[in-house]
Amino acid sequence: MARTDEVFESALVGKKVPILTLDNKWHKLFTQKGATPEIKRLEEELNKLIKRQAKANEESKECKKLKKKTMDEIMVLADEMEKNPSKKLEKTMEGHRKLVNECNEKIETCEDELTDLPRQINQANNRLMVATMDVCYRRMQKNTEELEEIEEWIGTIRRELKKKVIRKQEKEAMNHQLYSYMHDIFGADVLEIFDMKYNPEEKYQKGKETDKDKPGAQEQPETDSDMKTEQKEECGNALKS
């Protein structure tokens, strides 16, 4: 089922989405595979708005601080002018008033920006979220398709492996039976002349000795009769199948 922007956007209604570019977990989404050009563009757009908000906050604070300092100086100048009026003081007072007006204009501009910036940041953040969800959804779909292919391949290999294991057991049992019959008919000396050294009992014994060397392995001694009985049963089962 395809996903559209409308579907993603409707999923965000009423949800409080964190500022993605400030969230380390969001960045981890793109550590294994880089972000798409669209994601990078939206990320840059959001970061610019966040920086602008921080700058507006800082400018507003600085202007308010400067305005307070200037107003304090105006109060002092006003007292001096009452005692000793002069053109110099009037000019200084005029410059201070002008500076206060400039501060007021700058503060108003910053406050207007700070009123609108949260809305812009939220919209940009949601656009980035929608793009992120779309990219992640597509990647998950692709991974799921590859997982299904891998699971199918594993199933095929398992079936083939079981066939090979059964075939291996059949061949071992057949060799064991042939060797046993030939040994009984011709004897060990004749078999040695033809270099027929296949000895299932020796093979199985080596396998058991190898198992004993493994960590946690316990010794389980077997008699020759036990091994022969086990091998005959395997041969009989293999021949019946």
# chains A, B, ... in the order shown; residues from 1 in each chain; ligands from 1
$ residues_around --residues "stretch 120-123 of chain A" --least-positions-apart "2" --cutoff "9 Å" --atoms "only C-alpha atoms" --output "JSON, numbers by chain"
{"A": [17, 19, 46, 47, 49, 50, 53, 116, 117, 118, 125, 126, 127, 128]}
$ residues_around --residues "A:Leu99" --least-positions-apart "3" --cutoff "9 Å" --atoms "only C-alpha atoms" --output "list in words"
Leu66, Lys67, Thr70, Glu94, Gly95, His96, Glu102, Cys103 and Asn104 of chain A
$ residues_around --residues "A:Val135" --least-positions-apart "4" --cutoff "9 Å" --atoms "only C-alpha atoms" --output "ChimeraX atom specification"
/A:35-36,39,130-131,139-140
$ atom_distance --atom1 "atom CA of A:Glu58" --atom2 "atom CA of A:Glu108"
13.4 Å
